[in-house]
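Chemist: My questions all concern the structure below.
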Amino acid sequence: MSALEWFAHKSLGGGIFWIQERFYESGNRANIWLVRGSQRDVVIDAGLGLRSLPDYLRDAGLLAPAEGAGPRPLMAVATHVHFDHSGGLQHFEEVAVHSAEASALVQGDNYEAVTWLSDREVARPPWPGWSARQFRVPPVRPSRLLHEGDVINLGDRQLTVMHMPGHSRGSICLHDKDRKILFSGDVVYDGSMIDWLPYSRISDYIASCQRLMELVDRGLVEKVLPGHFNIFGAERLYRLASNYISQAGICHKISTCAMRSIASIALRVANSRITSQ
């Protein structure tokens, strides 16, 4: 299967494209965002990596340069290193990730990447004989380490890094302040927020949700482009963040601790099988 078959995209206008992996039919299917600038293009999250995303961008004409100019540099930014977002980083020459998760990416740590993929989630295998048992996130050495407050300059637009741990220790949002757009990764999306994985932390998640609510209160966000599911606005962002905080009581903490223990054991067993193959 070619990259052109594997991926599909939709233009949102303003130099932003929404890309998805067509045959990865799972709630874990991540949204991929291409943001085009006058001097540099950025891909926010990279999917599983079963087909080359840079090949798709080129073949679909999404990297067409401005008239009379050469191709712009292209960098992939991972909002965090979980497998559904980071598997495709291997295909990019320039990769950026928050410093808290850089070692996991360099080491190809599929425990921290929470790699969990089944054959039934992939409606069409990317090549003959492919099996989910073979899948793992390979080691990738990032070319840039991100920190709170860093700015990714695309020329005519800037994306500001917000370190928002909770879902994972290196989770980030990217904030286009001028356009009031937030690329939220898995910090927040219109669904159940997951805080029971290895390196998830409820206290961090509460603090991150408080920052999200502050963005809304200050009128700094009008549109959220999340890591999963559909786009939503400021009112929904505020409600999702405030609901998480209100539900993060002692009962939630106890049940989350139990779920994290089960998930940790399952991931260690699954990834030990991958490593031994």
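The way I read the labels, and the way they are meant: chains A, B, ... in the order of the structure tokens, residue 1 as the first residue of every chain, and ligand 1 as the first ligand shown, with later ones counted on from there.
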When DSSP is applied to the backbone of this structure, which of range 166-275 of chain A are assigned strand (DSSP E or B)? Write them out as a ChimeraX atom specification.
Modeler: /A:172-176,181-185,223-226,232-233
Chemist: Keeping only C-alpha atoms, write the selected residues to a file as an mmCIF file, in the first residue's frame.
Modeler:
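So result-v7.cif came out as:
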data_model
loop_
_atom_site.group_PDB
_atom_site.id
_atom_site.type_symbol
_atom_site.label_atom_id
_atom_site.label_comp_id
_atom_site.auth_asym_id
_atom_site.auth_seq_id
_atom_site.Cartn_x
_atom_site.Cartn_y
_atom_site.Cartn_z
ATOM 1 C CA ILE A 172 2.944 19.648 25.338
ATOM 2 C CA CYS A 173 0.462 21.964 23.682
ATOM 3 C CA LEU A 174 1.461 24.326 20.895
ATOM 4 C CA HIS A 175 -0.210 27.729 21.019
ATOM 5 C CA ASP A 176 -0.607 29.956 17.991
ATOM 6 C CA ILE A 181 -5.419 28.249 18.059
ATOM 7 C CA LEU A 182 -4.289 25.553 20.489
ATOM 8 C CA PHE A 183 -2.821 22.265 19.226
ATOM 9 C CA SER A 184 -3.516 20.275 22.369
ATOM 10 C CA GLY A 185 -2.166 16.789 21.708
ATOM 11 C CA LYS A 223 -10.181 26.895 18.570
ATOM 12 C CA VAL A 224 -8.648 23.635 19.798
ATOM 13 C CA LEU A 225 -7.088 21.140 17.364
ATOM 14 C CA PRO A 226 -6.705 18.050 19.562
ATOM 15 C CA PHE A 232 -13.845 22.222 19.396
ATOM 16 C CA GLY A 233 -13.979 25.721 20.798
#
Chemist: Counting only C-alpha atoms, which residues of range 127-171 of chain A sit at most 10 Å from some atom of range 188-200 of chain A, and what is each one's closest atom pair with its distance in Å to one decimal, listed by chain and rising residue number, as CSV?
Modeler:
residue,atom,partner,partner_atom,distance
A:Met164,CA,A:Val188,CA,9.9
A:Pro165,CA,A:Ser200,CA,7.7
A:Gly166,CA,A:Ser200,CA,5.1
A:His167,CA,A:Ser200,CA,4.9
A:Ser168,CA,A:Ser200,CA,4.8
A:Arg169,CA,A:Tyr199,CA,5.7
A:Gly170,CA,A:Tyr199,CA,9.1
A:Ser171,CA,A:Ser200,CA,9.8
Chemist: For those residues, write N, CA, C and O atoms to a file as a JSON list (two decimals), in the first residue's frame.
Modeler:
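What follows is the written file again-v6.json:
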[["chain", "number", "residue", "atom", "x", "y", "z"],
["A", 164, "MET", "N", 2.65, 20.67, 29.45],
["A", 164, "MET", "CA", 1.39, 20.38, 30.13],
["A", 164, "MET", "C", 1.35, 18.91, 30.55],
["A", 164, "MET", "O", 0.61, 18.10, 29.97],
["A", 165, "PRO", "N", 2.17, 18.52, 31.52],
["A", 165, "PRO", "CA", 2.21, 17.11, 31.94],
["A", 165, "PRO", "C", 0.92, 16.68, 32.61],
["A", 165, "PRO", "O", 0.09, 17.50, 33.00],
["A", 166, "GLY", "N", 0.77, 15.39, 32.73],
["A", 166, "GLY", "CA", -0.42, 14.79, 33.34],
["A", 166, "GLY", "C", -0.78, 13.52, 32.60],
["A", 166, "GLY", "O", -0.75, 12.43, 33.17],
["A", 167, "HIS", "N", -1.10, 13.65, 31.32],
["A", 167, "HIS", "CA", -1.33, 12.47, 30.49],
["A", 167, "HIS", "C", -0.02, 11.70, 30.33],
["A", 167, "HIS", "O", 0.01, 10.47, 30.41],
["A", 168, "SER", "N", 1.04, 12.43, 30.09],
["A", 168, "SER", "CA", 2.40, 11.88, 30.10],
["A", 168, "SER", "C", 3.32, 12.96, 30.66],
["A", 168, "SER", "O", 2.93, 14.12, 30.77],
["A", 169, "ARG", "N", 4.54, 12.60, 31.00],
["A", 169, "ARG", "CA", 5.40, 13.58, 31.67],
["A", 169, "ARG", "C", 5.95, 14.65, 30.72],
["A", 169, "ARG", "O", 6.37, 15.71, 31.16],
["A", 170, "GLY", "N", 5.95, 14.35, 29.43],
["A", 170, "GLY", "CA", 6.47, 15.32, 28.47],
["A", 170, "GLY", "C", 5.43, 15.87, 27.53],
["A", 170, "GLY", "O", 5.76, 16.42, 26.49],
["A", 171, "SER", "N", 4.16, 15.77, 27.90],
["A", 171, "SER", "CA", 3.09, 16.27, 27.03],
["A", 171, "SER", "C", 3.18, 17.78, 26.86],
["A", 171, "SER", "O", 3.46, 18.51, 27.81]]
Chemist: For Asp217 in chain A, which residue out of A:Ala96, A:Ala30, A:Leu237, A:Leu4 is the nearest one, using only C-alpha atoms?
Modeler: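 The answer is A:Leu237, which sits nearest to Asp217 in chain A.
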Chemist: Write out as a list in words the residues lying within 12 Å of Gly219 in chain A, counting only C-alpha atoms and excluding same-chain residues fewer than 6 positions away.
Modeler: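 Counting only C-alpha atoms, the residues come to Lys177, Asp178, Arg179, Lys180, Ile181, Leu212, Met213, Gly233, Ala234, Glu235, Leu237 and Tyr238 of chain A.
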Chemist: Restricting the calculation to only C-alpha atoms: of A:Arg29, A:His85, A:Arg124, A:His163, which residue gets closest to Trp6 in chain A?
Modeler: A:Arg124
Chemist: List as a PyMOL selection string the protein and nucleic acid residues near range 143-157 of chain A, meaning an atom at most 9 Å away when only C-alpha atoms are counted, but skip any in the same chain fewer than 2 places from it.
Modeler: chain A and resi 35-42+93-100+102+141+159-164+172+174+176-179
Chemist: Would you list, as an MDAnalysis selection string, the residues of range 19-242 of chain A that end up in helix (DSSP H, G or I) under DSSP run on this structure's backbone?
Modeler: chainID A and resid 53:59 83:91 99:107 119:121 132:134 202:217 234:242
Chemist: Enter the distance from CA of Phe229 in chain A to CA of Gly27 in chain A, in Å, rounded to one decimal.
Modeler: 8.1 Å
Chemist: To one decimal place in Å, what is the distance between CA of Leu53 in chain A and CA of Phe92 in chain A?
Modeler: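 We find that CA of Leu53 in chain A and CA of Phe92 in chain A lie 8.3 Å from each other.
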Chemist: Report as a tab-separated table (two decimals) with C-alpha atoms, in the first residue's frame all protein, DNA and RNA residues lying within 8 Å of range 116-121 of chain A, evaluated on only C-alpha atoms, omitting residues in the same chain fewer than 3 positions from it.
Modeler:
chain	number	residue	atom	x	y	z
A	24	TYR	CA	-6.13	2.56	11.45
A	25	GLU	CA	-9.66	2.17	12.77
A	26	SER	CA	-9.27	2.76	16.48
A	83	PHE	CA	3.07	5.17	19.97
A	131	SER	CA	1.24	-8.21	11.82
A	132	ALA	CA	0.66	-5.93	14.78
A	133	ARG	CA	2.94	-8.21	16.80
A	135	PHE	CA	5.04	-3.20	15.56
A	267	LEU	CA	2.54	-3.16	28.80
A	270	ALA	CA	3.43	-7.12	25.78
Chemist: Record the distance separating CA of Met75 in chain A and CA of Val187 in chain A, expressed in Å with one decimal.
Modeler: 21.1 Å
Chemist: Could you check the closest approach to Leu12 in chain A for each of A:Ile231, A:Val221, A:Ala46, A:Cys209 and tell me which residue wins, using only C-alpha atoms?
Modeler: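 Among the listed residues, A:Ile231 lies closest to Leu12 in chain A.
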Chemist: List the neighbours of Arg136 in chain A out to 12 Å using only C-alpha atoms; skip same-chain residues closer than 4 positions along the sequence, and give me the result as an MDAnalysis selection string.
Modeler: chainID A and resid 48:50 82:84 86:88 90 105 107:118 131:132 270:275 277
Chemist: Taking only C-alpha atoms into account, name the residue in A:Asn230, A:Ser242, A:Pro54, A:Asn28 that is nearest to Glu214 in chain A.
Modeler: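 So, comparing all the options, the nearest one is A:Ser242.
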Chemist: Which residue gives the smallest distance to Thr79 in chain A among A:Asp55, A:Asp45, A:Glu5, A:Glu21, with only C-alpha atoms counted?
Modeler: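 Selected residue with least distance to Thr79 in chain A: A:Asp45.
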Chemist: Go through A:Met1, A:Ile250, A:Ile262, A:Ala76 one by one, measure the shortest atom-to-atom distance of each to Leu34 in chain A using only C-alpha atoms, and give the residue with the smallest value.
Modeler: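 Residue with the minimum atom-to-atom distance to Leu34 in chain A: A:Ala76.
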